[in-house]
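Colleague: Next comes input.cif, mmCIF, C-alpha atoms:
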data_entry
loop_
_atom_site.label_atom_id
_atom_site.label_comp_id
_atom_site.auth_asym_id
_atom_site.auth_seq_id
_atom_site.Cartn_x
_atom_site.Cartn_y
_atom_site.Cartn_z
CA MET P 430 150.37 157.11 233.96
CA SER P 431 154.09 156.79 234.60
CA SER P 432 155.13 154.22 237.19
CA VAL P 433 157.40 156.85 238.78
CA PHE P 434 155.28 159.21 240.86
CA ASN P 435 157.44 162.29 240.66
CA PHE P 436 157.53 165.90 239.45
CA PRO P 437 160.18 168.12 237.82
CA GLY P 438 162.62 169.98 240.07
CA GLY P 439 162.67 169.75 243.83
CA ILE P 440 165.26 168.70 246.40
CA HIS P 441 165.67 166.29 249.29
CA PRO P 442 166.85 168.21 252.38
CA HIS P 443 169.17 166.30 254.68
CA GLU P 444 167.43 165.89 258.02
CA GLY P 445 170.35 164.87 260.20
CA ASN P 446 169.86 162.79 263.35
CA GLY P 447 166.87 164.77 264.57
CA GLY P 448 164.61 164.37 261.56
CA LYS P 449 161.43 162.42 260.91
CA VAL P 450 162.94 159.14 262.12
CA VAL P 451 162.77 160.42 265.70
CA THR P 452 159.05 161.24 265.80
CA ALA P 453 157.65 158.99 263.04
CA GLY P 454 157.29 156.07 265.42
CA LEU P 455 155.89 158.07 268.33
CA ALA P 456 152.14 157.71 268.87
CA ILE P 457 150.02 160.84 269.20
CA MET P 458 149.72 161.95 272.84
CA GLU P 459 147.12 164.33 274.20
CA ALA P 460 148.90 167.43 275.47
CA PRO P 461 147.96 168.73 278.94
CA LEU P 462 145.34 171.48 278.91
CA PRO P 463 146.88 174.97 279.10
CA SER P 464 145.79 177.36 281.86
CA ARG P 465 145.05 180.08 279.30
CA VAL P 466 144.50 180.13 275.54
CA ALA P 467 144.62 182.94 273.00
CA ILE P 468 142.43 182.03 270.03
CA PRO P 469 142.95 184.26 266.95
CA LEU P 470 139.78 185.12 265.06
CA GLN P 471 141.59 184.74 261.75
CA GLN P 472 143.12 181.29 261.39
CA HIS P 473 142.31 180.96 257.72
CA ILE P 474 142.82 182.60 254.36
CA GLY P 475 140.06 185.16 253.91
CA ALA P 476 137.95 187.43 256.08
CA PRO P 477 138.49 187.36 259.85
CA CYS P 478 135.69 186.24 262.14
CA LYS P 479 133.55 188.62 264.17
CA PRO P 480 133.73 188.00 267.95
CA LEU P 481 130.60 186.51 269.51
CA VAL P 482 131.79 186.79 273.11
CA GLN P 483 133.04 189.55 275.38
CA LYS P 484 134.97 189.96 278.59
CA GLY P 485 133.44 188.03 281.49
CA ASP P 486 131.45 185.55 279.38
CA LYS P 487 131.49 181.86 280.36
CA VAL P 488 132.24 179.50 277.48
CA LYS P 489 132.25 175.77 276.86
CA VAL P 490 134.56 173.69 274.69
CA GLY P 491 133.27 173.71 271.12
CA GLN P 492 131.21 176.87 271.57
CA LYS P 493 131.35 179.17 268.56
CA ILE P 494 133.17 182.36 269.56
CA GLY P 495 133.88 183.75 266.07
CA GLU P 496 131.30 184.22 263.30
CA PRO P 497 132.67 183.89 259.73
CA GLY P 498 133.09 187.36 258.27
CA GLY P 499 132.60 186.55 254.59
CA PHE P 500 132.23 183.80 252.02
CA VAL P 501 135.94 182.93 252.30
CA SER P 502 135.99 182.40 256.05
CA ALA P 503 135.49 179.72 258.72
CA ALA P 504 134.09 179.82 262.25
CA VAL P 505 136.28 179.78 265.35
CA HIS P 506 135.42 177.85 268.51
CA ALA P 507 136.49 177.82 272.15
CA SER P 508 139.09 175.12 272.80
CA VAL P 509 138.72 175.11 276.59
CA SER P 510 135.88 175.85 278.98
CA GLY P 511 136.21 178.83 281.29
CA THR P 512 135.95 182.61 281.35
CA VAL P 513 136.68 185.08 278.56
CA VAL P 514 139.40 187.39 279.89
CA ASP P 515 139.33 189.78 276.94
CA CYS P 516 139.14 190.13 273.18
CA ILE P 517 142.32 191.92 272.16
CA PRO P 518 144.98 191.88 269.42
CA CYS P 519 147.70 189.29 270.02
CA ILE P 520 150.93 188.57 268.18
CA THR P 521 150.89 185.58 265.82
CA ALA P 522 153.64 183.60 264.10
CA ASN P 523 153.83 185.85 261.02
CA GLY P 524 154.51 188.86 263.22
CA THR P 525 151.10 190.50 262.77
CA GLN P 526 148.60 191.37 265.47
CA GLN P 527 145.34 189.41 265.18
CA MET P 528 142.21 190.02 267.23
CA SER P 529 142.05 187.09 269.65
CA VAL P 530 139.74 185.74 272.33
CA ILE P 531 141.61 185.11 275.59
CA ILE P 532 140.08 182.39 277.77
CA ASP P 533 141.11 181.34 281.28
CA ASN P 534 140.68 177.57 281.60
CA ASP P 535 138.46 176.33 284.44
CA PHE P 536 139.86 172.79 283.85
CA GLN P 537 136.33 171.35 283.88
CA ASP P 538 136.57 170.63 280.13
CA THR P 539 132.83 171.18 279.79
CA TRP P 540 131.67 170.66 276.21
CA VAL P 541 128.72 171.98 274.28
CA GLU P 542 126.29 169.31 273.14
CA LEU P 543 127.81 167.54 270.13
CA ILE P 544 125.23 166.66 267.49
CA PRO P 545 126.38 164.32 264.70
CA VAL P 546 124.78 164.58 261.26
CA ALA P 547 121.71 162.33 261.11
CA ASP P 548 122.23 161.07 257.56
CA PRO P 549 125.90 161.57 256.61
CA GLU P 550 125.75 159.32 253.55
CA ASN P 551 123.32 161.65 251.81
CA LEU P 552 124.93 165.02 252.51
CA SER P 553 124.74 167.34 249.51
CA ALA P 554 127.68 169.50 248.46
CA ASP P 555 125.88 172.59 249.78
CA GLU P 556 125.16 170.95 253.13
CA LEU P 557 128.76 169.76 253.45
CA SER P 558 130.03 173.25 252.62
CA LYS P 559 127.81 174.89 255.24
CA LEU P 560 128.83 172.33 257.84
CA ALA P 561 132.55 172.83 257.11
CA ARG P 562 132.09 176.60 257.49
CA GLU P 563 130.25 176.30 260.81
CA MET P 564 132.65 173.71 262.20
CA GLY P 565 135.68 175.87 261.38
CA ILE P 566 137.31 173.39 259.00
CA VAL P 567 140.22 174.70 256.95
CA GLY P 568 143.21 173.23 255.13
CA MET P 569 145.01 171.55 258.04
CA GLY P 570 148.24 171.08 256.10
CA GLY P 571 149.16 174.72 256.65
CA ALA P 572 147.41 176.53 253.79
CA THR P 573 144.28 177.10 255.95
CA PHE P 574 142.03 177.68 252.93
CA PRO P 575 138.40 177.34 254.09
CA THR P 576 137.12 173.87 253.22
CA ALA P 577 133.62 175.27 252.72
CA VAL P 578 134.86 177.15 249.66
CA LYS P 579 136.85 174.20 248.32
CA VAL P 580 133.83 171.88 248.25
CA ALA P 581 131.58 174.59 246.75
CA VAL P 582 132.52 173.64 243.19
CA PRO P 583 131.19 176.06 240.52
CA ALA P 584 128.56 174.64 238.19
CA ASP P 585 130.85 175.04 235.16
CA LYS P 586 133.62 172.91 236.72
CA HIS P 587 133.78 169.11 236.65
CA VAL P 588 135.80 167.25 239.26
CA ASP P 589 136.61 163.58 238.74
CA THR P 590 139.55 163.14 241.16
CA LEU P 591 139.94 163.78 244.87
CA VAL P 592 143.62 163.91 245.85
CA LEU P 593 144.46 163.40 249.52
CA ASN P 594 147.73 164.99 250.50
CA GLY P 595 149.62 162.69 252.86
CA ALA P 596 153.04 163.50 251.44
CA GLU P 597 154.25 165.52 254.46
CA CYS P 598 157.51 166.33 252.70
CA GLU P 599 158.76 168.90 255.26
CA PRO P 600 161.75 167.68 257.30
CA TYR P 601 161.13 166.87 260.98
CA LEU P 602 157.31 166.84 260.76
CA SER P 603 155.35 163.61 261.30
CA ALA P 604 151.92 164.87 262.40
CA ASP P 605 150.17 163.70 259.21
CA HIS P 606 152.19 160.47 259.25
CA ARG P 607 150.91 159.52 262.69
CA LEU P 608 147.38 160.62 261.82
CA MET P 609 147.37 158.23 258.84
CA VAL P 610 148.78 155.35 260.89
CA GLU P 611 146.36 155.82 263.79
CA HIS P 612 143.22 157.16 262.09
CA ALA P 613 143.27 155.86 258.52
CA GLN P 614 139.64 154.68 258.58
CA GLU P 615 138.36 158.04 259.82
CA ILE P 616 140.40 159.92 257.20
CA MET P 617 138.98 157.83 254.38
CA LYS P 618 135.44 158.15 255.74
CA GLY P 619 135.96 161.92 255.60
CA ALA P 620 137.16 161.57 252.01
CA ARG P 621 134.09 159.45 251.24
CA LEU P 622 131.86 162.34 252.35
CA VAL P 623 133.49 164.61 249.78
CA GLN P 624 133.46 161.93 247.10
CA LYS P 625 129.73 161.27 247.49
CA ALA P 626 128.67 164.90 247.90
CA LEU P 627 130.55 166.02 244.78
CA GLY P 628 130.06 162.88 242.70
CA ILE P 629 133.80 162.27 242.33
CA ASP P 630 134.93 159.17 240.42
CA ARG P 631 138.20 158.29 242.16
CA VAL P 632 140.26 159.06 245.25
CA LEU P 633 144.07 159.04 245.23
CA VAL P 634 146.10 159.31 248.42
CA GLY P 635 149.68 160.52 247.88
CA ILE P 636 152.20 159.47 250.54
CA GLU P 637 155.98 159.66 250.33
CA ASN P 638 157.73 156.28 250.35
CA ASN P 639 159.49 157.02 253.65
CA LYS P 640 156.16 156.28 255.40
CA PRO P 641 155.56 152.58 254.53
CA ASP P 642 153.36 151.99 257.59
CA ALA P 643 151.12 154.93 256.63
CA ILE P 644 150.86 153.65 253.04
CA GLU P 645 149.88 150.19 254.33
CA GLU P 646 147.19 151.53 256.70
CA MET P 647 145.74 153.92 254.13
CA LYS P 648 145.63 151.18 251.47
CA LYS P 649 143.56 149.07 253.85
CA ALA P 650 141.25 151.99 254.59
CA CYS P 651 140.74 152.75 250.89
CA GLU P 652 138.02 150.10 250.84
CA VAL P 653 135.80 152.74 252.47
CA CYS P 654 135.72 154.69 249.19
CA GLU P 655 134.90 153.62 245.66
CA ASN P 656 137.82 153.45 243.25
CA ALA P 657 140.41 154.61 245.80
CA ASP P 658 144.10 153.87 246.22
CA ALA P 659 147.04 154.98 248.35
CA VAL P 660 150.11 155.64 246.20
CA GLY P 661 153.76 155.72 247.30
CA LEU P 662 155.55 158.83 246.04
CA LYS P 663 159.22 159.55 245.53
CA VAL P 664 160.75 161.17 248.61
CA LYS P 665 161.38 164.70 247.40
CA TYR P 666 160.50 168.19 248.54
CA PRO P 667 158.02 169.84 247.79
CA GLN P 668 156.11 166.67 246.90
CA GLY P 669 153.21 167.97 249.00
CA GLY P 670 152.69 171.09 246.88
CA GLU P 671 149.24 171.04 245.27
CA LYS P 672 150.39 171.34 241.68
CA GLN P 673 153.32 168.97 242.21
CA LEU P 674 151.09 166.36 243.87
CA VAL P 675 148.43 166.52 241.17
CA TYR P 676 151.08 166.10 238.47
CA ALA P 677 152.81 163.22 240.27
CA LEU P 678 149.56 161.29 240.73
CA THR P 679 147.61 162.14 237.56
CA ARG P 680 150.16 163.64 235.14
CA ARG P 681 147.84 166.61 234.77
CA LYS P 682 149.61 169.96 234.63
CA VAL P 683 147.88 172.80 236.45
CA PRO P 684 148.46 175.93 234.29
CA ASN P 685 150.04 179.01 235.83
CA GLY P 686 147.45 181.13 237.55
CA LYS P 687 145.00 178.22 237.69
CA LEU P 688 143.91 175.78 240.40
CA PRO P 689 143.75 171.95 240.52
CA LEU P 690 140.00 172.46 240.06
CA ASP P 691 140.75 173.62 236.50
CA VAL P 692 142.14 170.18 235.64
CA GLY P 693 139.37 168.24 237.36
CA ALA P 694 140.98 167.69 240.76
CA ILE P 695 140.47 168.77 244.35
CA VAL P 696 143.35 168.46 246.81
CA MET P 697 142.75 168.00 250.54
CA ASN P 698 145.14 167.34 253.37
CA VAL P 699 144.56 164.11 255.30
CA GLY P 700 144.10 166.20 258.45
CA THR P 701 141.28 168.12 256.75
CA CYS P 702 139.48 164.87 255.89
CA TYR P 703 139.90 163.74 259.50
CA ALA P 704 138.37 167.04 260.67
CA LEU P 705 135.44 166.49 258.27
CA TYR P 706 134.89 163.02 259.69
CA ARG P 707 134.82 164.35 263.26
CA ALA P 708 132.46 167.19 262.32
CA VAL P 709 129.97 164.94 260.54
CA TYR P 710 130.09 161.72 262.58
CA GLU P 711 130.85 163.23 266.00
CA GLY P 712 129.45 166.77 265.68
CA ARG P 713 132.84 168.05 266.77
CA PRO P 714 134.25 171.41 265.57
CA VAL P 715 137.97 172.10 265.14
CA VAL P 716 139.28 172.81 268.64
CA ASP P 717 142.55 170.87 268.45
CA ARG P 718 145.09 169.49 266.01
CA VAL P 719 148.15 167.22 265.90
CA VAL P 720 151.47 169.07 266.22
CA THR P 721 154.98 167.62 265.99
CA VAL P 722 157.50 169.03 268.46
CA GLY P 723 160.87 168.01 267.06
CA GLY P 724 164.48 168.84 266.44
CA ASN P 725 166.60 170.17 269.26
CA VAL P 726 164.21 169.42 272.15
CA GLN P 727 164.57 167.21 275.19
CA LYS P 728 161.55 165.04 274.38
CA PRO P 729 160.40 165.01 270.72
CA ALA P 730 156.74 164.06 270.39
CA ASN P 731 153.49 164.27 268.43
CA TYR P 732 150.81 166.03 270.46
CA LEU P 733 147.08 166.51 270.09
CA VAL P 734 146.97 170.09 271.34
CA ARG P 735 144.13 172.54 271.87
CA ILE P 736 143.99 175.54 269.55
CA GLY P 737 145.27 178.71 271.23
CA ALA P 738 147.75 176.97 273.54
CA PRO P 739 151.04 178.91 273.62
CA VAL P 740 154.17 177.48 272.00
CA GLU P 741 155.83 177.70 275.41
CA TRP P 742 153.26 175.23 276.78
CA LEU P 743 154.17 172.62 274.20
CA LEU P 744 157.90 173.12 274.67
CA ASP P 745 157.51 172.73 278.43
CA THR P 746 155.51 169.55 277.83
CA SER P 747 158.51 168.31 275.82
CA GLU P 748 160.77 169.22 278.78
CA GLY P 749 162.22 172.25 277.02
CA ILE P 750 164.72 172.96 274.28
CA LEU P 751 168.38 171.97 274.40
CA PRO P 752 170.92 174.65 275.47
CA ASN P 753 172.53 174.96 272.02
CA THR P 754 169.24 175.83 270.27
CA ARG P 755 169.60 178.86 268.00
CA MET P 756 166.20 179.06 266.32
CA LEU P 757 162.54 178.10 266.78
CA ILE P 758 160.48 177.37 263.69
CA TYR P 759 156.68 177.57 263.68
CA GLY P 760 155.82 174.91 261.09
CA GLY P 761 158.45 173.07 259.08
CA PRO P 762 162.01 174.29 258.46
CA MET P 763 161.39 174.85 254.73
CA MET P 764 158.15 176.86 254.71
CA GLY P 765 157.68 177.62 258.40
CA MET P 766 158.36 180.91 260.15
CA ALA P 767 161.17 181.67 262.59
CA ILE P 768 159.73 182.99 265.84
CA SER P 769 161.51 185.00 268.50
CA ARG P 770 159.00 184.52 271.32
CA GLU P 771 157.17 181.60 272.88
CA ASP P 772 153.80 183.16 273.76
CA ILE P 773 152.56 182.73 270.18
CA PRO P 774 149.42 180.55 270.03
CA ILE P 775 149.06 177.26 268.20
CA THR P 776 146.57 177.72 265.35
CA LYS P 777 144.74 175.42 262.93
CA GLY P 778 147.55 175.67 260.37
CA CYS P 779 150.43 174.80 262.72
CA SER P 780 151.69 171.27 262.08
CA GLY P 781 154.96 171.55 263.99
CA ILE P 782 157.32 173.40 266.28
CA VAL P 783 160.94 172.69 265.35
CA ALA P 784 164.01 173.72 267.35
CA LEU P 785 167.25 174.07 265.39
CA GLU P 786 170.82 174.43 266.58
CA THR P 787 172.07 175.99 263.34
CA VAL P 788 170.90 179.20 261.73
CA ASN P 789 171.47 179.58 258.00
CA ALA P 790 170.84 183.33 258.30
CA LEU P 791 174.15 183.69 260.16
CA VAL P 792 175.98 182.78 256.92
CA LYS P 793 176.48 185.94 254.86
CA GLU P 794 175.16 185.85 251.33
CA SER P 795 177.55 186.49 248.45
CA ALA P 796 177.14 187.48 244.82
CA CYS P 797 175.19 185.20 242.50
CA ILE P 798 177.60 182.89 240.63
CA ARG P 799 175.01 182.10 237.91
CA CYS P 800 175.26 178.36 238.51
CA GLY P 801 171.60 177.76 237.67
CA ARG P 802 170.94 175.47 240.63
CA CYS P 803 167.90 177.49 241.71
CA VAL P 804 166.42 177.18 238.21
CA GLU P 805 167.05 173.43 238.14
CA ALA P 806 165.50 172.91 241.57
CA CYS P 807 162.47 175.23 241.25
CA PRO P 808 159.35 173.04 240.99
CA MET P 809 157.51 175.88 239.23
CA LYS P 810 160.27 176.23 236.60
CA LEU P 811 161.01 179.87 237.43
CA SER P 812 164.36 181.65 237.47
CA PRO P 813 164.62 182.73 241.13
CA ALA P 814 167.99 184.44 240.60
CA THR P 815 166.49 186.68 237.92
CA ILE P 816 163.47 187.52 240.07
CA ASP P 817 165.83 188.22 242.98
CA ARG P 818 167.71 190.81 240.92
CA TYR P 819 164.49 192.53 239.87
CA SER P 820 163.11 192.52 243.41
CA ARG P 821 166.25 194.07 244.92
CA LYS P 822 166.12 196.85 242.34
CA ASP P 823 162.38 197.51 242.88
CA MET P 824 161.67 196.37 239.32
CA TYR P 825 158.40 194.70 240.20
CA GLU P 826 156.81 194.85 236.76
CA GLN P 827 159.75 192.88 235.41
CA ALA P 828 159.52 190.47 238.36
CA GLU P 829 155.84 189.90 237.56
CA ALA P 830 156.68 189.31 233.90
CA ALA P 831 159.26 186.75 235.07
CA GLY P 832 156.47 184.80 236.79
CA VAL P 833 157.01 185.70 240.44
CA MET P 834 153.27 185.41 241.18
CA ASN P 835 153.54 181.69 240.40
CA CYS P 836 156.13 181.19 243.16
CA ILE P 837 154.83 178.84 245.88
CA GLU P 838 157.45 180.07 248.40
CA CYS P 839 158.66 176.53 249.06
CA GLY P 840 162.22 177.63 249.90
CA VAL P 841 163.88 175.26 247.43
CA CYS P 842 165.81 178.05 245.69
CA SER P 843 167.31 179.44 248.89
CA PHE P 844 168.18 175.93 250.06
CA SER P 845 169.97 175.03 246.83
CA CYS P 846 171.85 178.34 246.41
CA PRO P 847 175.61 177.97 247.10
CA ALA P 848 175.89 181.77 247.47
CA LYS P 849 173.25 181.66 250.24
CA ARG P 850 171.14 184.30 248.47
CA ASN P 851 167.79 185.11 250.09
CA LEU P 852 165.92 184.13 246.94
CA THR P 853 162.66 182.99 248.51
CA GLN P 854 162.47 186.18 250.58
CA SER P 855 162.95 188.30 247.46
CA CYS P 856 160.12 186.46 245.73
CA ARG P 857 157.89 186.86 248.79
CA VAL P 858 158.53 190.61 248.97
CA ALA P 859 157.87 191.07 245.26
CA LYS P 860 154.59 189.13 245.46
CA LYS P 861 153.42 191.19 248.41
CA ILE P 862 154.17 194.52 246.76
CA ILE P 863 152.61 193.47 243.44
CA THR P 864 149.48 192.33 245.28
CA GLN P 865 149.28 195.62 247.19
CA ARG P 866 149.62 197.59 243.96
CA ARG P 867 146.85 195.57 242.35
CA LYS P 868 144.54 196.34 245.26
CA ILE P 869 145.31 200.05 245.05
CA GLU P 870 144.67 200.07 241.30
CA ALA P 871 141.41 198.17 241.76
CA ALA P 872 140.30 200.63 244.44
CA LYS P 873 141.04 203.59 242.17
CA LYS P 874 139.01 202.04 239.35
CA GLY P 875 136.12 201.55 241.75
CA GLU P 876 136.04 205.21 242.81
#
With the file now loaded, output its structure as structure tokens.

Modeller:
Amino acid sequence: MSSVFNFPGGIHPHEGNGGKVVTAGLAIMEAPLPSRVAIPLQQHIGAPCKPLVQKGDKVKVGQKIGEPGGFVSAAVHASVSGTVVDCIPCITANGTQQMSVIIDNDFQDTWVELIPVADPENLSADELSKLAREMGIVGMGGATFPTAVKVAVPADKHVDTLVLNGAECEPYLSADHRLMVEHAQEIMKGARLVQKALGIDRVLVGIENNKPDAIEEMKKACEVCENADAVGLKVKYPQGGEKQLVYALTRRKVPNGKLPLDVGAIVMNVGTCYALYRAVYEGRPVVDRVVTVGGNVQKPANYLVRIGAPVEWLLDTSEGILPNTRMLIYGGPMMGMAISREDIPITKGCSGIVALETVNALVKESACIRCGRCVEACPMKLSPATIDRYSRKDMYEQAEAAGVMNCIECGVCSFSCPAKRNLTQSCRVAKKIITQRRKIEAAKKGE
């Protein structure tokens, strides 16, 4: 293995004075309980949950209110105790309406009985998968892929490496950083559960070198697992991408259209391992998560916030945004979503709320100057400018042939483009239309 833990392509976005340095040293604080929560029944990739409650029902914290609707799904739980106001569609960060359970908080914070697993050391892969499904555990780094599916490794696949993603390469965000500093032992105990259940040989924790305190704490905690190590990675975006992280740590290349599983690796966010620990050792489902509130706000902070709390609640807790704020980002500035309203709920995949005083969208795009910077920077080795041309001309077959379905939508191409072309957006549109066409074709064949 090379001594330089790196990957081809990528960039290092300038963070300015309001970047990670502001929140990296701030301990996680428990956010005040909101008076009302809106809990979407689809906070994961896959089938939405079916509501288990109705208007007027009394609920407790940790009570299951959404039953998984398919194999690729994860349960949803009440994050406050109180009364169900309704079960109605609510707007979410991506602009879609999702069926949500609205709960008025009684501020009693009454929990269901939490039952830890009796013999955690001997959990089988199937038992761990079922537990993750029932406890609502998903990829907490933002991907929200159900953990139950990830640990259900097919019989014909062999996994020898568990990769923990602690890179947190997005500017401004420090939620995972603080989690590693403050809860390293719990994270590694969660990783140990996966290692034992799946019979994995080694555990590698990837952390960017701008988090030396996290690297130190995780190295100490690695004694919990067999053959485990925390590795410092070059500070470069998107170091936290699955394929990029696997390559940087193992030098294994995940082929296009394949998963890390196909090269003997499973990738999990450190927050996911922490959630596994809490589910197994405390009997606690996912009802909260750590969220960084940073950028152009009065009081940047890292909060442990209940799922379903509105963005407005967190911003008010941080004493509001500064007057010159031009944009709110749900997530990180590279892969997050700009939001135009503050009543959007915090979900399992939200690692940050970032306020920005500059808006790149205000700069008009110009013609491509064929400089090749997007090609050089693309971590997937695509030609974003070429795909952009195809997408704008509705030439989606050509875009697919150019590899657009391999795009990870990291935003590197748009960031590096001197002409300010909306390259990432073009790739996203092309992927969506190609996917829709595939579904239509599959439906026709099934008729």

Colleague: For the provided coordinates, the residues matched by the PyMOL selection byres ((chain P and resi 819-836) around 10) should be stated as a ChimeraX atom specification.

Modeller: /P:684-687,807-818,837-840,852-864,866

Colleague: Run the PyMOL selection byres ((chain P and resi 671) around 9) mentally over the shown coordinates, then write out the matched residues as a PDB file with C-alpha atoms, keeping the file's coordinate frame, using the chain letters and numbers from the document.

Modeller:
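Resulting contents of result-v2.pdb:
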ATOM      1  CA  ASN P 594     147.730 164.990 250.500  1.00  0.00           C
ATOM      2  CA  GLN P 668     156.110 166.670 246.900  1.00  0.00           C
ATOM      3  CA  GLY P 669     153.210 167.970 249.000  1.00  0.00           C
ATOM      4  CA  GLY P 670     152.690 171.090 246.880  1.00  0.00           C
ATOM      5  CA  LYS P 672     150.390 171.340 241.680  1.00  0.00           C
ATOM      6  CA  GLN P 673     153.320 168.970 242.210  1.00  0.00           C
ATOM      7  CA  LEU P 674     151.090 166.360 243.870  1.00  0.00           C
ATOM      8  CA  VAL P 675     148.430 166.520 241.170  1.00  0.00           C
ATOM      9  CA  TYR P 676     151.080 166.100 238.470  1.00  0.00           C
ATOM     10  CA  LEU P 688     143.910 175.780 240.400  1.00  0.00           C
ATOM     11  CA  PRO P 689     143.750 171.950 240.520  1.00  0.00           C
ATOM     12  CA  VAL P 696     143.350 168.460 246.810  1.00  0.00           C
ATOM     13  CA  MET P 697     142.750 168.000 250.540  1.00  0.00           C
TER      14      MET P 697
END

Colleague: Would you kindly translate the PyMOL selection byres ((chain P and resi 845) around 8) into the concrete residues it picks from this file, as a ChimeraX atom specification?

Modeller: /P:440,802-803,806,841-844,846-847

Colleague: With all atoms listed in the file as the basis for distance, which of P:Tyr706, P:Leu591, P:Val719, P:Gln471 is at the shortest distance from P:Gly499?

Modeller: P:Gln471

Colleague: Can you work out the spacing between atom CA of P:Val740 and atom CA of P:Lys728 in Å, to one decimal?

Modeller: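 Value for the atom CA of P:Val740-atom CA of P:Lys728 distance: 14.7 Å.
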
Colleague: Find the distance between atom CA of P:Ser558 and atom CA of P:Thr776 and write it in Å to one decimal.

Modeller: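 One can read the atom CA of P:Ser558 to atom CA of P:Thr776 distance as 21.3 Å.
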
Colleague: Need the shell around stretch 602-611 of chain P: protein/DNA/RNA residues with any atom at most 6 Å away, counting all atoms listed in the file. Skip same-chain ones fewer than 2 positions apart. Format as a list in words?

Modeller: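 Everything that qualifies: Ala453, Pro600, Ala613, Ala643, Glu646, Val719, Val720 and Thr721 of chain P.
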
Colleague: Using only C-alpha atoms, which of the listed residues (P:Met764, P:Leu481, P:Ala784, P:Ile531) sits closest to P:Leu751?

Modeller: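 Nearest to P:Leu751: P:Ala784.
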
Colleague: Check the smallest atom-to-atom distance from each of P:Val783, P:Ile474, P:Val715, P:Val699 to P:Glu563 using all atoms listed in the file, then report the winner.

Modeller: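 Ranked by minimum distance to P:Glu563, first place goes to P:Val715.
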
Colleague: Quick one: pull the distance between atom CA of P:Val488 and atom CA of P:Ser510, Å, one decimal.

Modeller: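 Straight-line distance from atom CA of P:Val488 to atom CA of P:Ser510 works out to 5.4 Å.
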
Colleague: Can you tell me, as an mmCIF file with C-alpha atoms, in the coordinates of the input, what residues are no more than 8 Å from P:Asp533 when counting all atoms listed in the file, ignoring any on the same chain fewer than 4 positions away?

Modeller:
data_model
loop_
_atom_site.group_PDB
_atom_site.id
_atom_site.type_symbol
_atom_site.label_atom_id
_atom_site.label_comp_id
_atom_site.auth_asym_id
_atom_site.auth_seq_id
_atom_site.Cartn_x
_atom_site.Cartn_y
_atom_site.Cartn_z
ATOM 1 C CA SER P 464 145.790 177.360 281.860
ATOM 2 C CA ARG P 465 145.050 180.080 279.300
ATOM 3 C CA VAL P 466 144.500 180.130 275.540
ATOM 4 C CA SER P 510 135.880 175.850 278.980
ATOM 5 C CA GLY P 511 136.210 178.830 281.290
ATOM 6 C CA THR P 512 135.950 182.610 281.350
ATOM 7 C CA VAL P 513 136.680 185.080 278.560
ATOM 8 C CA VAL P 514 139.400 187.390 279.890
#

Colleague: Quick one: everything within 6 Å of P:Gln492, counting all atoms listed in the file, minus sequence neighbours fewer than 2 positions away in the same chain. Send it as a list in words.

Modeller: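 After dropping sequence-adjacent residues, the list is Lys489, Val490, His506 and Ala507 of chain P.
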